[in-house]
Every structure is written in structure tokens, then in C-alpha cells.
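Here is the file run.cif (mmCIF, C-alpha atoms).
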```
data_coords
loop_
_atom_site.group_PDB
_atom_site.id
_atom_site.type_symbol
_atom_site.label_atom_id
_atom_site.label_comp_id
_atom_site.auth_asym_id
_atom_site.auth_seq_id
_atom_site.Cartn_x
_atom_site.Cartn_y
_atom_site.Cartn_z
ATOM 1 C CA MET A 1 -9.313 12.397 23.361
ATOM 2 C CA ASN A 2 -12.283 14.750 23.730
ATOM 3 C CA GLN A 3 -14.942 14.479 26.435
ATOM 4 C CA GLN A 4 -17.536 12.819 24.210
ATOM 5 C CA LEU A 5 -15.121 10.131 23.075
ATOM 6 C CA GLN A 6 -14.080 9.603 26.695
ATOM 7 C CA ALA A 7 -17.740 9.165 27.605
ATOM 8 C CA ILE A 8 -18.165 6.599 24.835
ATOM 9 C CA MET A 9 -15.130 4.678 26.066
ATOM 10 C CA ALA A 10 -16.452 4.702 29.635
ATOM 11 C CA GLN A 11 -19.790 3.337 28.421
ATOM 12 C CA LYS A 12 -17.992 0.593 26.477
ATOM 13 C CA GLN A 13 -16.091 -0.453 29.607
ATOM 14 C CA ARG A 14 -19.384 -0.776 31.480
ATOM 15 C CA GLU A 15 -20.775 -2.939 28.669
ATOM 16 C CA ILE A 16 -17.625 -5.089 28.576
ATOM 17 C CA ALA A 17 -17.887 -5.743 32.308
ATOM 18 C CA GLU A 18 -21.250 -7.446 31.663
ATOM 19 C CA LEU A 19 -19.855 -9.854 29.048
ATOM 20 C CA PRO A 20 -18.850 -13.491 29.760
ATOM 21 C CA PRO A 21 -15.169 -14.371 30.301
ATOM 22 C CA VAL A 22 -12.931 -14.683 27.252
ATOM 23 C CA LYS A 23 -13.258 -17.933 25.317
ATOM 24 C CA ARG A 24 -10.384 -19.802 23.713
ATOM 25 C CA ALA A 25 -9.876 -18.424 20.211
ATOM 26 C CA SER A 26 -9.261 -21.900 18.798
ATOM 27 C CA VAL A 27 -12.734 -22.985 19.921
ATOM 28 C CA ASN A 28 -14.308 -19.913 18.324
ATOM 29 C CA ALA A 29 -12.443 -20.429 15.061
ATOM 30 C CA LYS A 30 -13.251 -24.122 14.730
ATOM 31 C CA SER A 31 -16.746 -23.552 13.323
ATOM 32 C CA ARG A 32 -15.680 -20.614 11.135
ATOM 33 C CA THR A 33 -13.007 -22.247 8.966
ATOM 34 C CA ASN A 34 -15.112 -22.159 5.802
ATOM 35 C CA GLU A 35 -16.119 -18.512 6.299
ATOM 36 C CA ARG A 36 -12.681 -17.027 6.894
ATOM 37 C CA GLY A 37 -11.777 -14.103 4.638
ATOM 38 C CA ARG A 38 -15.218 -13.384 3.150
ATOM 39 C CA PHE A 39 -15.095 -9.677 3.970
ATOM 40 C CA GLU A 40 -11.556 -9.231 2.679
ATOM 41 C CA GLN A 41 -12.334 -11.093 -0.529
ATOM 42 C CA ALA A 42 -15.394 -8.916 -1.149
ATOM 43 C CA LEU A 43 -13.157 -5.830 -1.075
ATOM 44 C CA ARG A 44 -10.542 -7.289 -3.422
ATOM 45 C CA GLN A 45 -12.810 -7.083 -6.461
ATOM 46 C CA PRO A 46 -11.989 -4.645 -9.329
ATOM 47 C CA GLY A 47 -12.881 -0.993 -8.779
ATOM 48 C CA VAL A 48 -14.083 0.580 -5.551
ATOM 49 C CA SER A 49 -16.189 -1.858 -3.520
ATOM 50 C CA ILE A 50 -18.982 -0.146 -1.607
ATOM 51 C CA ILE A 51 -19.448 -1.043 2.047
ATOM 52 C CA THR A 52 -22.911 0.199 2.983
ATOM 53 C CA GLU A 53 -23.897 1.036 6.537
ATOM 54 C CA ILE A 54 -26.780 0.540 8.937
ATOM 55 C CA LYS A 55 -27.012 3.407 11.429
ATOM 56 C CA ARG A 56 -29.844 5.497 12.833
ATOM 57 C CA ARG A 57 -27.875 8.373 14.304
ATOM 58 C CA SER A 58 -24.386 9.508 15.250
ATOM 59 C CA PRO A 59 -22.845 11.730 17.952
ATOM 60 C CA SER A 60 -21.784 14.300 15.351
ATOM 61 C CA ALA A 61 -24.874 14.446 13.112
ATOM 62 C CA GLY A 62 -27.626 13.490 15.539
ATOM 63 C CA ASN A 63 -30.683 11.686 14.162
ATOM 64 C CA LEU A 64 -30.252 10.357 10.623
ATOM 65 C CA ASN A 65 -33.085 7.865 10.130
ATOM 66 C CA SER A 66 -34.853 6.849 13.315
ATOM 67 C CA ALA A 67 -37.464 4.826 11.381
ATOM 68 C CA LEU A 68 -34.828 2.677 9.695
ATOM 69 C CA ASP A 69 -35.716 -1.011 9.298
ATOM 70 C CA ALA A 70 -32.334 -2.745 9.530
ATOM 71 C CA ALA A 71 -33.299 -5.955 7.714
ATOM 72 C CA LEU A 72 -35.174 -4.184 4.926
ATOM 73 C CA LEU A 73 -32.361 -1.708 4.345
ATOM 74 C CA ALA A 74 -29.773 -4.493 4.343
ATOM 75 C CA HIS A 75 -31.812 -6.398 1.763
ATOM 76 C CA ARG A 76 -31.981 -3.295 -0.455
ATOM 77 C CA TYR A 77 -28.248 -2.804 -0.130
ATOM 78 C CA GLU A 78 -27.550 -6.359 -1.268
ATOM 79 C CA ALA A 79 -30.138 -6.233 -4.059
ATOM 80 C CA ASN A 80 -28.508 -3.108 -5.482
ATOM 81 C CA GLY A 81 -24.941 -4.410 -5.484
ATOM 82 C CA ALA A 82 -23.311 -3.617 -2.135
ATOM 83 C CA ALA A 83 -20.092 -5.548 -1.556
ATOM 84 C CA ALA A 84 -20.577 -5.717 2.215
ATOM 85 C CA ILE A 85 -22.531 -4.145 5.060
ATOM 86 C CA SER A 86 -21.281 -2.321 8.140
ATOM 87 C CA CYS A 87 -23.781 -2.622 10.978
ATOM 88 C CA LEU A 88 -23.491 -0.363 14.032
ATOM 89 C CA THR A 89 -24.141 -2.189 17.291
ATOM 90 C CA ASP A 90 -23.702 0.742 19.698
ATOM 91 C CA GLN A 91 -27.082 1.476 21.231
ATOM 92 C CA THR A 92 -26.264 4.463 23.427
ATOM 93 C CA TYR A 93 -24.649 6.785 20.893
ATOM 94 C CA PHE A 94 -25.635 5.389 17.481
ATOM 95 C CA GLY A 95 -29.173 4.248 18.178
ATOM 96 C CA ALA A 96 -28.680 0.576 17.318
ATOM 97 C CA GLU A 97 -31.406 -1.805 18.413
ATOM 98 C CA ALA A 98 -30.449 -4.980 20.234
ATOM 99 C CA ASP A 99 -31.432 -7.289 17.371
ATOM 100 C CA ASP A 100 -30.173 -5.157 14.460
ATOM 101 C CA PHE A 101 -27.099 -7.229 13.724
ATOM 102 C CA ASP A 102 -28.948 -10.535 13.879
ATOM 103 C CA ARG A 103 -31.693 -9.261 11.574
ATOM 104 C CA VAL A 104 -29.148 -7.922 9.090
ATOM 105 C CA ARG A 105 -27.135 -11.151 9.194
ATOM 106 C CA ARG A 106 -30.271 -13.181 8.438
ATOM 107 C CA ALA A 107 -31.437 -10.835 5.660
ATOM 108 C CA VAL A 108 -28.336 -11.005 3.436
ATOM 109 C CA THR A 109 -25.657 -13.339 2.132
ATOM 110 C CA ILE A 110 -22.939 -10.705 1.650
ATOM 111 C CA PRO A 111 -20.337 -10.173 4.441
ATOM 112 C CA VAL A 112 -21.320 -8.106 7.477
ATOM 113 C CA LEU A 113 -18.898 -6.012 9.535
ATOM 114 C CA ARG A 114 -19.674 -5.376 13.174
ATOM 115 C CA LYS A 115 -18.938 -1.686 13.766
ATOM 116 C CA ASP A 116 -18.453 -0.668 17.377
ATOM 117 C CA PHE A 117 -15.795 0.625 19.746
ATOM 118 C CA ILE A 118 -13.981 -2.634 20.412
ATOM 119 C CA LEU A 119 -11.555 -2.590 23.317
ATOM 120 C CA ASP A 120 -11.565 -6.152 24.642
ATOM 121 C CA GLU A 121 -11.395 -9.798 23.546
ATOM 122 C CA ARG A 122 -14.821 -10.379 25.077
ATOM 123 C CA GLN A 123 -16.331 -8.097 22.431
ATOM 124 C CA ILE A 124 -14.610 -10.177 19.761
ATOM 125 C CA ASP A 125 -16.103 -13.346 21.245
ATOM 126 C CA GLN A 126 -19.461 -11.582 21.132
ATOM 127 C CA SER A 127 -18.855 -10.731 17.459
ATOM 128 C CA VAL A 128 -18.251 -14.408 16.696
ATOM 129 C CA THR A 129 -21.516 -15.293 18.446
ATOM 130 C CA LEU A 130 -23.253 -12.676 16.290
ATOM 131 C CA GLN A 131 -21.764 -14.420 13.231
ATOM 132 C CA ALA A 132 -19.943 -11.308 12.077
ATOM 133 C CA ASP A 133 -17.549 -11.681 9.166
ATOM 134 C CA ALA A 134 -15.369 -8.789 10.314
ATOM 135 C CA ILE A 135 -14.903 -6.223 13.054
ATOM 136 C CA LEU A 136 -13.609 -2.659 13.272
ATOM 137 C CA LEU A 137 -10.570 -1.749 15.376
ATOM 138 C CA ILE A 138 -9.825 1.961 15.849
ATOM 139 C CA VAL A 139 -6.168 2.915 16.268
ATOM 140 C CA ARG A 140 -7.041 6.179 18.053
ATOM 141 C CA ILE A 141 -8.567 4.384 21.045
ATOM 142 C CA LEU A 142 -6.036 1.540 21.439
ATOM 143 C CA THR A 143 -2.394 1.333 22.459
ATOM 144 C CA PRO A 144 -0.108 -0.305 19.846
ATOM 145 C CA ARG A 145 0.142 -3.395 22.041
ATOM 146 C CA ARG A 146 -3.617 -3.747 22.451
ATOM 147 C CA LEU A 147 -4.213 -3.089 18.750
ATOM 148 C CA ALA A 148 -1.838 -5.887 17.756
ATOM 149 C CA ALA A 149 -3.269 -8.271 20.359
ATOM 150 C CA LEU A 150 -6.893 -7.656 19.405
ATOM 151 C CA ARG A 151 -6.181 -7.890 15.681
ATOM 152 C CA GLN A 152 -4.429 -11.230 16.185
ATOM 153 C CA TYR A 153 -7.154 -12.550 18.476
ATOM 154 C CA ALA A 154 -9.818 -11.607 15.912
ATOM 155 C CA ALA A 155 -7.823 -13.336 13.174
ATOM 156 C CA ASP A 156 -7.513 -16.441 15.377
ATOM 157 C CA CYS A 157 -11.300 -16.338 15.739
ATOM 158 C CA GLY A 158 -11.730 -16.335 11.962
ATOM 159 C CA LEU A 159 -12.693 -12.671 11.677
ATOM 160 C CA ASP A 160 -11.379 -10.154 9.165
ATOM 161 C CA VAL A 161 -10.388 -6.814 10.680
ATOM 162 C CA LEU A 162 -10.810 -3.302 9.293
ATOM 163 C CA VAL A 163 -8.235 -1.173 11.135
ATOM 164 C CA GLU A 164 -9.307 2.461 11.171
ATOM 165 C CA THR A 165 -6.725 5.261 11.028
ATOM 166 C CA HIS A 166 -6.778 9.032 10.737
ATOM 167 C CA ASP A 167 -3.213 10.161 10.092
ATOM 168 C CA ALA A 168 0.181 8.933 8.914
ATOM 169 C CA ALA A 169 1.322 7.805 12.372
ATOM 170 C CA GLU A 170 -1.839 5.741 12.846
ATOM 171 C CA ILE A 171 -1.399 4.123 9.430
ATOM 172 C CA ASP A 172 2.123 3.125 10.485
ATOM 173 C CA ALA A 173 0.705 1.695 13.720
ATOM 174 C CA ALA A 174 -1.856 -0.318 11.749
ATOM 175 C CA ILE A 175 0.878 -1.716 9.512
ATOM 176 C CA ASP A 176 3.013 -2.603 12.542
ATOM 177 C CA ALA A 177 0.023 -4.430 14.041
ATOM 178 C CA GLY A 178 -0.251 -6.620 10.939
ATOM 179 C CA ALA A 179 -3.363 -5.033 9.435
ATOM 180 C CA ARG A 180 -4.450 -6.375 6.050
ATOM 181 C CA ILE A 181 -7.379 -3.954 5.635
ATOM 182 C CA ILE A 182 -6.661 -0.317 6.526
ATOM 183 C CA GLY A 183 -9.289 2.399 6.603
ATOM 184 C CA ILE A 184 -8.621 6.131 6.534
ATOM 185 C CA ASN A 185 -11.344 7.967 8.425
ATOM 186 C CA ASN A 186 -11.966 11.476 7.116
ATOM 187 C CA ARG A 187 -13.595 12.281 10.462
ATOM 188 C CA ASP A 188 -11.328 13.514 13.245
ATOM 189 C CA LEU A 189 -12.438 11.739 16.434
ATOM 190 C CA ASP A 190 -11.048 14.607 18.521
ATOM 191 C CA ASP A 191 -13.603 17.135 17.292
ATOM 192 C CA PHE A 192 -15.728 15.087 14.831
ATOM 193 C CA SER A 193 -14.929 17.449 11.953
ATOM 194 C CA THR A 194 -14.583 15.941 8.460
ATOM 195 C CA GLU A 195 -12.299 16.583 5.505
ATOM 196 C CA PHE A 196 -12.737 14.398 2.424
ATOM 197 C CA GLU A 197 -9.291 15.224 1.005
ATOM 198 C CA ARG A 198 -7.577 13.701 4.048
ATOM 199 C CA CYS A 199 -7.872 10.171 2.666
ATOM 200 C CA LEU A 200 -6.610 11.293 -0.750
ATOM 201 C CA ARG A 201 -3.451 12.741 0.800
ATOM 202 C CA LEU A 202 -2.770 9.652 2.896
ATOM 203 C CA ARG A 203 -3.556 6.885 0.380
ATOM 204 C CA ASP A 204 0.083 6.354 -0.606
ATOM 205 C CA ARG A 205 0.975 5.529 3.008
ATOM 206 C CA ILE A 206 -0.938 2.257 2.750
ATOM 207 C CA PRO A 207 1.123 -0.594 1.224
ATOM 208 C CA SER A 208 -0.144 -2.076 -2.037
ATOM 209 C CA ALA A 209 -0.527 -5.483 -0.362
ATOM 210 C CA CYS A 210 -3.155 -4.031 1.992
ATOM 211 C CA ILE A 211 -6.735 -3.138 1.126
ATOM 212 C CA ALA A 212 -7.295 0.628 1.350
ATOM 213 C CA VAL A 213 -10.720 1.794 2.534
ATOM 214 C CA ALA A 214 -11.980 5.387 2.647
ATOM 215 C CA GLU A 215 -14.418 6.242 5.441
ATOM 216 C CA SER A 216 -16.670 9.238 6.235
ATOM 217 C CA ALA A 217 -17.541 12.413 4.301
ATOM 218 C CA ILE A 218 -18.287 10.418 1.146
ATOM 219 C CA ASP A 219 -21.431 12.032 -0.202
ATOM 220 C CA THR A 220 -21.524 11.811 -4.000
ATOM 221 C CA ALA A 221 -20.672 9.602 -6.952
ATOM 222 C CA ASP A 222 -17.972 12.138 -7.812
ATOM 223 C CA ASP A 223 -16.362 11.396 -4.446
ATOM 224 C CA ILE A 224 -16.312 7.698 -5.301
ATOM 225 C CA ALA A 225 -14.768 8.455 -8.694
ATOM 226 C CA ARG A 226 -12.000 10.430 -6.987
ATOM 227 C CA LEU A 227 -11.348 7.525 -4.650
ATOM 228 C CA ARG A 228 -11.075 5.169 -7.621
ATOM 229 C CA ARG A 229 -8.590 7.440 -9.385
ATOM 230 C CA THR A 230 -6.536 7.684 -6.179
ATOM 231 C CA GLY A 231 -6.329 3.905 -5.889
ATOM 232 C CA PHE A 232 -8.759 3.039 -3.099
ATOM 233 C CA ASP A 233 -10.127 -0.492 -3.009
ATOM 234 C CA ALA A 234 -13.287 0.278 -1.059
ATOM 235 C CA ALA A 235 -15.406 3.027 0.467
ATOM 236 C CA LEU A 236 -17.566 2.822 3.577
ATOM 237 C CA VAL A 237 -20.668 4.950 3.016
ATOM 238 C CA GLY A 238 -23.226 5.560 5.743
ATOM 239 C CA THR A 239 -24.968 8.912 6.047
ATOM 240 C CA ALA A 240 -25.345 9.503 2.292
ATOM 241 C CA LEU A 241 -27.277 6.247 1.994
ATOM 242 C CA VAL A 242 -29.362 6.111 5.187
ATOM 243 C CA THR A 243 -30.628 9.639 4.441
ATOM 244 C CA ALA A 244 -31.172 9.097 0.698
ATOM 245 C CA THR A 245 -34.645 9.468 -0.782
ATOM 246 C CA ASN A 246 -33.952 6.536 -3.101
ATOM 247 C CA VAL A 247 -31.402 4.213 -1.528
ATOM 248 C CA GLY A 248 -31.176 1.785 -4.426
ATOM 249 C CA GLN A 249 -30.566 4.426 -7.055
ATOM 250 C CA ARG A 250 -28.029 6.277 -4.939
ATOM 251 C CA LEU A 251 -26.108 3.083 -4.245
ATOM 252 C CA ARG A 252 -26.094 2.086 -7.919
ATOM 253 C CA GLU A 253 -24.655 5.492 -8.807
ATOM 254 C CA PHE A 254 -21.860 4.970 -6.288
ATOM 255 C CA ILE A 255 -21.149 1.495 -7.630
ATOM 256 C CA GLU A 256 -21.061 2.724 -11.233
ATOM 257 C CA ALA A 257 -18.634 5.486 -10.268
ATOM 258 C CA GLY A 258 -16.499 2.956 -8.434
ATOM 259 C CA GLN A 259 -16.282 0.848 -11.573
ATOM 260 C CA GLY A 260 -15.354 3.794 -13.767
ATOM 261 C CA HIS A 261 -18.765 4.207 -15.391
ATOM 262 C CA ARG A 262 -20.611 7.482 -15.732
ATOM 263 C CA PRO A 263 -23.098 7.670 -12.832
ATOM 264 C CA SER A 264 -26.810 7.791 -13.597
ATOM 265 C CA ARG A 265 -28.554 11.084 -12.839
ATOM 266 C CA GLN A 266 -29.933 11.319 -9.319
ATOM 267 C CA ASP A 267 -33.623 12.144 -9.557
ATOM 268 C CA GLY A 268 -34.876 10.937 -6.169
ATOM 269 C CA ALA A 269 -37.684 8.907 -7.692
ATOM 270 C CA THR A 270 -39.226 6.372 -5.298
ATOM 271 C CA ALA A 271 -38.527 6.594 -1.583
ATOM 272 C CA GLU A 272 -36.401 3.673 -0.354
ATOM 273 C CA THR A 273 -35.026 4.818 2.965
ATOM 274 C CA GLY A 274 -35.174 1.496 4.763
ATOM 275 C CA VAL A 275 -38.704 2.135 5.991
ATOM 276 C CA ALA A 276 -41.376 -0.207 4.683
ATOM 277 C CA SER A 277 -42.602 0.965 1.295
#
```
Just give me the structure as C-alpha cells.
Amino acid sequence: MNQQLQAIMAQKQREIAELPPVKRASVNAKSRTNERGRFEQALRQPGVSIITEIKRRSPSAGNLNSALDAALLAHRYEANGAAAISCLTDQTYFGAEADDFDRVRRAVTIPVLRKDFILDERQIDQSVTLQADAILLIVRILTPRRLAALRQYAADCGLDVLVETHDAAEIDAAIDAGARIIGINNRDLDDFSTEFERCLRLRDRIPSACIAVAESAIDTADDIARLRRTGFDAALVGTALVTATNVGQRLREFIEAGQGHRPSRQDGATAETGVAS
């Protein structure tokens, strides 16, 4: 684990220490019975489902869109066919604002994934309070025992879980932990480098019963088409959309490619970057 990732983990531990004690999962789940599985179901549709992302910056790329309006961008994502939304909640390293998730949740009806570095059940309780449909668990930062425990606790709370992996051993760990939705991150968290072909090489490691999600380094409609031909169920796309001149058009191109249609030509017509227009 590199120094930057260690620093992120240390910051998360400080944030966790400020959270209330763990609640009983059965109490959390009681009010979520009718919502269970919305995120997973959204990714089980034909073709490559597009999970769009709300993020202002990242440790590797720096500032991406500091003027981003989370609710407006979320609305544009839904209006242009996104299957789900991934909303970053990390303020220190990804520039999230405290009310981003709530504003996104209120702006759309499609499922919303809370994306953060989740290490503790208290963060899962917090995700339930935020009315998240799903959370992200990262194999690289959890022991096998903690991964399995957190995945089960989230499931008991009525949350779907996207388990993020980076190599064959991590995919095996995700399977052992009972993951139903497995993501392959093309970004190496050790040095933050990316390689799009990584997910293509590893796709066959994910069982057919699981949903396979490609993450990071997905920049073009051609990339989405390659994911579809390789058998991916979904793609999580962030930077290519939050930096797009025309968000709606770019997203529609990705969706068309994911359905096997010829993408429309990108001409960057009207600016739709998530800033008021």
C-alpha cells in the first residue's frame, strides 16, 4: 500500500471515530425491505449498463470539475439513460461536498451507489441513513475476514455491494466473500496507473452468476463496445463524463455502444458539464 493510500486510510479511521456506535442490522433493514436489490437489478439489464459518477477531483488526476452541481449532473445522467449513479462522498481527497449524496438522492429515481473507502460497519449504517442503494467495498484495503463481514452486514442492512478487485487473487477473494457484483478496477491503487486491457484479461475469472463491472480508464464508446463483446454487464464511468463538454451526448454514445448500436458522432455541441446552463 503506497503512502497516499495509507494517508487516505488514516483519514478514514479519523472519520469513523466520529461516527455513532454500530446499529443492529435488522433495525436498519426493516425499513428497506421494498428497496432491496435495486442496484443489482439495474445492472442485470441487456447490454452494458452505464453507472455514471459524481466526482469533482481525484488523487491521481487532480481537479476534474470543481464547479460541478451534483444534483443537476445527476438529473442529466438519469434523463439521458444512466442505469445508476456512483456518488463520491470523500471530501478530503475527492472534493465531495457534505450534502452531495443527499442532493443526488433527491434529484433522481435510479439507484445510487455510495462510493467511499469503507472500512467499518458504522460507515454502512451511515450509508443506510443516506438512503444509499449500494456501497463499494475494496478488496485491496480489507482483510478477507473483514471483507466477508462487511459484505454480509451491508446485505443484512438491505444494501447491494459492488466489490472492487484489481487482479485474479482479489477476484477469488471477492467470490469467497460471497460477492454478487464484482468490479475490476483498471487503476492500480499502489501507483494509480491505469491499463484498460486489465479488465478484459480478467473477465473470465468472474463467475457467470455474478455481475461483472469494469471500472476506470473507460474513455470512449469504443471502450464500451469492447466491454460488451468481452461479456461485461456494466461499466462505471467517471472522468470521461464529468469532464465532457456535452454530458448528455457523451452518455448516450456510451449507452448505444453498450447496447450494440453504432455510437453517434461526438461533436461537443452544447455544454452540459453539470454546471448550470
Once 8 Å is added on each side, what are the centre and the three edge lengths, in Å to one decimal, of the axis-aligned box enclosing the listed atoms of stretch 117-122 of chain A? Present them as lines of an AutoDock Vina configuration file.
```
center_x = -13.6
center_y = -4.9
center_z = 22.4
size_x = 20.4
size_y = 27.0
size_z = 21.3
```
Could you pull the residues within 12 Å of stretch 121-128 of chain A, counting only C-alpha atoms, minus those fewer than 5 positions along the same chain, as a ChimeraX atom specification?
/A:12-13,15-32,35-36,87-90,101-102,105,112-116,133-137,146-161
Rounded to one decimal, what separation in Å do you get between atom CA of A:Ile206 and atom CA of A:Pro144?
17.3 Å
List every protein, DNA or RNA residue that has an atom no more than 12 Å from (-8.4, 15.9, 4.3) in the file's coordinate frame, counting only C-alpha atoms, and report them as a ChimeraX atom specification.
/A:166-168,184-188,193-203,214-218
Go ahead and write the residues just picked, C-alpha atoms, as an mmCIF file, in the frame of the given file.
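The resulting file, selection_11.cif, is reproduced below:
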```cif
data_model
loop_
_atom_site.group_PDB
_atom_site.id
_atom_site.type_symbol
_atom_site.label_atom_id
_atom_site.label_comp_id
_atom_site.auth_asym_id
_atom_site.auth_seq_id
_atom_site.Cartn_x
_atom_site.Cartn_y
_atom_site.Cartn_z
ATOM 1 C CA HIS A 166 -6.778 9.032 10.737
ATOM 2 C CA ASP A 167 -3.213 10.161 10.092
ATOM 3 C CA ALA A 168 0.181 8.933 8.914
ATOM 4 C CA ILE A 184 -8.621 6.131 6.534
ATOM 5 C CA ASN A 185 -11.344 7.967 8.425
ATOM 6 C CA ASN A 186 -11.966 11.476 7.116
ATOM 7 C CA ARG A 187 -13.595 12.281 10.462
ATOM 8 C CA ASP A 188 -11.328 13.514 13.245
ATOM 9 C CA SER A 193 -14.929 17.449 11.953
ATOM 10 C CA THR A 194 -14.583 15.941 8.460
ATOM 11 C CA GLU A 195 -12.299 16.583 5.505
ATOM 12 C CA PHE A 196 -12.737 14.398 2.424
ATOM 13 C CA GLU A 197 -9.291 15.224 1.005
ATOM 14 C CA ARG A 198 -7.577 13.701 4.048
ATOM 15 C CA CYS A 199 -7.872 10.171 2.666
ATOM 16 C CA LEU A 200 -6.610 11.293 -0.750
ATOM 17 C CA ARG A 201 -3.451 12.741 0.800
ATOM 18 C CA LEU A 202 -2.770 9.652 2.896
ATOM 19 C CA ARG A 203 -3.556 6.885 0.380
ATOM 20 C CA ALA A 214 -11.980 5.387 2.647
ATOM 21 C CA GLU A 215 -14.418 6.242 5.441
ATOM 22 C CA SER A 216 -16.670 9.238 6.235
ATOM 23 C CA ALA A 217 -17.541 12.413 4.301
ATOM 24 C CA ILE A 218 -18.287 10.418 1.146
#
```
Compare A:Arg57, A:His75, A:Arg38, A:Arg228 by their minimum atom-to-atom distance to A:Thr92, counting all atoms listed in the file, and give me the closest one.
A:Arg57
Rounded to one decimal, what separation in Å do you get between atom CA of A:Glu53 and atom CA of A:Gln91?
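Atom CA of A:Glu53 sits 15.0 Å away from atom CA of A:Gln91.
Closest to A:Phe94 among A:Ala169, A:Ile54, A:Leu162, A:Val247 is A:Ile54, based on all atoms listed in the file.
Across the structure, atom CA of A:Ile8 and atom CA of A:Gln131 are spaced 24.3 Å apart.
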Polymer residues at most 12 Å from stretch 45-47 of chain A, all atoms listed in the file, same-chain spacing of 2 or more positions, as a ChimeraX atom specification
/A:38-43,49-50,82-84,211-213,224-235,254-261
From the set A:Val48, A:Met9, A:Leu241, A:Leu72, which residue has the shortest atom-to-atom contact distance to A:Leu142, counting only C-alpha atoms?
A:Met9
Any chance you could work out the residue set of the PyMOL selection byres ((chain A and resi 189) around 8) here, as a PDB file with C-alpha atoms, in the frame of the given file?
```
ATOM      1  CA  MET A   1      -9.313  12.397  23.361  1.00  0.00           C
ATOM      2  CA  ASN A   2     -12.283  14.750  23.730  1.00  0.00           C
ATOM      3  CA  LEU A   5     -15.121  10.131  23.075  1.00  0.00           C
ATOM      4  CA  ARG A 140      -7.041   6.179  18.053  1.00  0.00           C
ATOM      5  CA  ARG A 187     -13.595  12.281  10.462  1.00  0.00           C
ATOM      6  CA  ASP A 188     -11.328  13.514  13.245  1.00  0.00           C
ATOM      7  CA  ASP A 190     -11.048  14.607  18.521  1.00  0.00           C
ATOM      8  CA  ASP A 191     -13.603  17.135  17.292  1.00  0.00           C
ATOM      9  CA  PHE A 192     -15.728  15.087  14.831  1.00  0.00           C
ATOM     10  CA  SER A 193     -14.929  17.449  11.953  1.00  0.00           C
TER      11      SER A 193
END
```
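Distance check against A:Asn65 using all atoms listed in the file: of A:Glu78, A:Arg180, A:Thr239, A:Arg205, the minimum falls on A:Thr239.
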Go through A:Ala71, A:Asp222, A:Gly37, A:Gly62 one by one, measure the shortest atom-to-atom distance of each to A:Ala132 using all atoms listed in the file, and give the residue with the smallest value.
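Among the listed residues, the smallest separation from A:Ala132 belongs to A:Gly37.
Using all atoms listed in the file, the nearest neighbour of A:Asp99 within the list A:Ile175, A:Leu130, A:Val163, A:Val139 is A:Leu130.
The shell of residues at most 7 Å from A:Val104, with all atoms listed in the file counted and near chain neighbours (fewer than 4 positions) removed, consists of Ala70, Ala71, Ala74, Asp100 and Val108 of chain A.
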